[in-house]
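S.K.: Sharing a structure below in structure tokens format, with a few things to ask.
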Amino acid sequence: EVQLVESGGGLVQPGDSLRLSCTASGFAFSGTPMSWVRQAPGKELEWVSAINHNSGVTKYADSVKGRFTISRDNAKNEVYIQLNNLTTEDTGMYYCVTGWTIRGRRGQGTQVAVIS
């Protein structure tokens with residue numbers, strides 16, 4: 001059974017940083033590209049970033065490019081995203097997702113709230 005458990009969210013102020021983590025189990029993590037997606041209140045899921053199986057390729061949405069950094073540790077079955085210089089527009093529930101798009105399997109999410 002695929003399981004994804006996100007953590008690391010919180011309540012922060014604009015300009016602050018957070019590091020989100022996702023622990024995966026139940027599938028061949030080391031061979032699977034992973035993404036982070038988010039959902040702001042009242043809005044649809046938005047793809048944020050993705051990383052290929054061996055960290056050789058990373059992709060970012062224009063809205064987070066230069067501020068967020070995705071990484072993974074295949075030995076630990078974990079994927080991370082470093083969120084820097086957060087703005088109120090980054091508020092939402094963040095999910096790690098299997099694959100390159102929003103359509104993969106995802107966990108319960110971790111909440112990020114950026115409040116000025």
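Residues are named by chain letter and number: chains run A, B, ... in the order of the structure tokens, numbers start at 1 in each chain, and ligands are numbered from 1 in the order shown.
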Could you list, as a ChimeraX atom specification, every residue within 12 Å of segment 63-79 of chain A, counting only C-alpha atoms and ignoring same-chain residues fewer than 2 positions away?
M.R.: /A:3-8,15-38,46-61,81-87,89-90,95-98
S.K.: From a DSSP calculation on the backbone, collect every residue of chain A in helix (DSSP H, G or I) and output the set as a PyMOL selection string.
M.R.: chain A and resi 29-31+88-90
S.K.: Distance atom CA of Pro41 of chain A-atom CA of Met93 of chain A, one decimal place?
M.R.: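 Those two atoms sit 8.2 Å apart.
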S.K.: What is the atom CA of Ser116 of chain A to atom CA of Thr91 of chain A distance in Å?
M.R.: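 Between atom CA of Ser116 of chain A and atom CA of Thr91 of chain A the gap works out to 11.3 Å.
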S.K.: List every residue of segment 13-113 of chain A that DSSP, applied to the backbone of this structure, places in strand (DSSP E), and write the result as number ranges by chain.
M.R.: A: 18-25, 34-39, 45-51, 58-60, 68-73, 78-83, 92-98, 110-113
S.K.: Take the residues from that selection and put them in a file with N, CA and C atoms, as a short mmCIF file (atom, residue, chain, number, x, y, z; two decimals), in the first residue's frame.
M.R.:
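The result, written out as part12.cif:
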data_model
loop_
_atom_site.label_atom_id
_atom_site.label_comp_id
_atom_site.auth_asym_id
_atom_site.auth_seq_id
_atom_site.Cartn_x
_atom_site.Cartn_y
_atom_site.Cartn_z
N LEU A 18 10.54 27.50 5.69
CA LEU A 18 10.11 26.21 6.23
C LEU A 18 10.73 25.11 5.39
N ARG A 19 10.90 23.96 6.00
CA ARG A 19 11.35 22.78 5.26
C ARG A 19 10.32 21.69 5.47
N LEU A 20 9.69 21.29 4.38
CA LEU A 20 8.69 20.24 4.43
C LEU A 20 9.35 18.90 4.08
N SER A 21 8.87 17.86 4.74
CA SER A 21 9.38 16.52 4.50
C SER A 21 8.23 15.59 4.14
N CYS A 22 8.55 14.56 3.41
CA CYS A 22 7.57 13.53 3.06
C CYS A 22 8.26 12.17 3.14
N THR A 23 7.71 11.30 3.95
CA THR A 23 8.24 9.94 4.08
C THR A 23 7.34 8.99 3.30
N ALA A 24 7.96 8.21 2.43
CA ALA A 24 7.20 7.34 1.53
C ALA A 24 7.42 5.87 1.88
N SER A 25 6.42 5.06 1.62
CA SER A 25 6.54 3.62 1.79
C SER A 25 5.51 2.93 0.89
N MET A 34 9.04 12.34 -7.96
CA MET A 34 8.13 12.84 -6.93
C MET A 34 7.87 14.32 -7.14
N SER A 35 6.70 14.75 -6.74
CA SER A 35 6.32 16.15 -6.86
C SER A 35 5.80 16.67 -5.52
N TRP A 36 5.80 17.98 -5.42
CA TRP A 36 5.05 18.66 -4.37
C TRP A 36 3.97 19.48 -5.08
N VAL A 37 2.78 19.42 -4.51
CA VAL A 37 1.68 20.23 -5.00
C VAL A 37 1.08 20.94 -3.80
N ARG A 38 0.27 21.97 -4.05
CA ARG A 38 -0.35 22.69 -2.95
C ARG A 38 -1.78 23.09 -3.33
N GLN A 39 -2.55 23.35 -2.31
CA GLN A 39 -3.92 23.80 -2.53
C GLN A 39 -4.22 24.94 -1.58
N LEU A 45 -5.86 22.39 -6.89
CA LEU A 45 -4.50 21.93 -6.69
C LEU A 45 -3.56 22.59 -7.68
N GLU A 46 -2.40 22.98 -7.19
CA GLU A 46 -1.39 23.63 -8.02
C GLU A 46 -0.08 22.84 -7.91
N TRP A 47 0.45 22.46 -9.03
CA TRP A 47 1.76 21.80 -9.05
C TRP A 47 2.83 22.83 -8.68
N VAL A 48 3.76 22.43 -7.82
CA VAL A 48 4.79 23.34 -7.32
C VAL A 48 6.18 22.96 -7.81
N SER A 49 6.53 21.67 -7.68
CA SER A 49 7.89 21.27 -8.00
C SER A 49 7.95 19.77 -8.18
N ALA A 50 8.97 19.31 -8.88
CA ALA A 50 9.15 17.87 -9.08
C ALA A 50 10.63 17.54 -9.17
N ILE A 51 10.93 16.28 -8.89
CA ILE A 51 12.31 15.80 -8.95
C ILE A 51 12.31 14.40 -9.51
N THR A 58 15.28 18.61 -11.73
CA THR A 58 14.30 19.27 -10.86
C THR A 58 13.54 20.31 -11.68
N LYS A 59 12.29 20.48 -11.34
CA LYS A 59 11.44 21.44 -12.05
C LYS A 59 10.65 22.25 -11.03
N TYR A 60 10.34 23.49 -11.40
CA TYR A 60 9.62 24.38 -10.49
C TYR A 60 8.58 25.19 -11.24
N PHE A 68 12.01 28.16 -3.73
CA PHE A 68 11.82 26.80 -3.23
C PHE A 68 12.88 25.88 -3.83
N THR A 69 13.28 24.88 -3.04
CA THR A 69 14.24 23.89 -3.52
C THR A 69 13.78 22.49 -3.14
N ILE A 70 13.63 21.65 -4.13
CA ILE A 70 13.21 20.27 -3.88
C ILE A 70 14.44 19.37 -3.82
N SER A 71 14.38 18.34 -2.99
CA SER A 71 15.48 17.38 -2.88
C SER A 71 14.91 16.06 -2.38
N ARG A 72 15.73 15.05 -2.41
CA ARG A 72 15.29 13.73 -1.94
C ARG A 72 16.46 12.96 -1.39
N ASP A 73 16.15 11.98 -0.54
CA ASP A 73 17.14 11.06 0.01
C ASP A 73 16.57 9.66 -0.19
N GLU A 78 12.69 9.55 1.48
CA GLU A 78 12.13 10.86 1.82
C GLU A 78 12.36 11.86 0.68
N VAL A 79 11.40 12.75 0.54
CA VAL A 79 11.52 13.89 -0.37
C VAL A 79 11.22 15.15 0.45
N TYR A 80 11.91 16.22 0.09
CA TYR A 80 11.84 17.46 0.86
C TYR A 80 11.56 18.63 -0.07
N ILE A 81 11.09 19.70 0.52
CA ILE A 81 11.06 20.96 -0.21
C ILE A 81 11.36 22.08 0.78
N GLN A 82 12.38 22.85 0.47
CA GLN A 82 12.78 23.99 1.26
C GLN A 82 12.03 25.21 0.73
N LEU A 83 11.29 25.86 1.60
CA LEU A 83 10.50 27.03 1.22
C LEU A 83 11.15 28.27 1.82
N GLY A 92 -1.29 27.43 2.12
CA GLY A 92 -2.07 26.33 1.59
C GLY A 92 -1.66 25.01 2.21
N MET A 93 -2.35 23.97 1.77
CA MET A 93 -1.99 22.62 2.18
C MET A 93 -1.01 22.07 1.15
N TYR A 94 0.09 21.56 1.62
CA TYR A 94 1.14 21.04 0.75
C TYR A 94 1.16 19.51 0.81
N TYR A 95 1.21 18.91 -0.36
CA TYR A 95 1.20 17.45 -0.49
C TYR A 95 2.40 16.99 -1.30
N CYS A 96 2.97 15.85 -0.92
CA CYS A 96 3.89 15.20 -1.83
C CYS A 96 3.09 14.20 -2.65
N VAL A 97 3.49 14.02 -3.89
CA VAL A 97 2.73 13.26 -4.86
C VAL A 97 3.67 12.38 -5.66
N THR A 98 3.26 11.17 -5.94
CA THR A 98 4.07 10.32 -6.81
C THR A 98 3.94 10.81 -8.25
N THR A 110 0.47 18.76 4.67
CA THR A 110 0.91 19.54 5.81
C THR A 110 0.58 21.00 5.53
N GLN A 111 0.05 21.69 6.51
CA GLN A 111 -0.48 23.03 6.32
C GLN A 111 0.62 24.08 6.47
N VAL A 112 0.66 24.98 5.52
CA VAL A 112 1.55 26.14 5.59
C VAL A 112 0.67 27.39 5.61
N ALA A 113 0.86 28.21 6.63
CA ALA A 113 0.11 29.45 6.73
C ALA A 113 1.09 30.60 6.89
#
S.K.: Take atom CA of Val2 of chain A and atom CA of Trp100 of chain A and report the distance between them in Å, one decimal.
M.R.: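 Distance reported for this atom pair: 16.3 Å.
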S.K.: Using only C-alpha atoms, can you tell me which of A:Gly42, A:Val114, A:Gly104, A:Gly99 comes closest to Pro14 of chain A?
M.R.: A:Val114
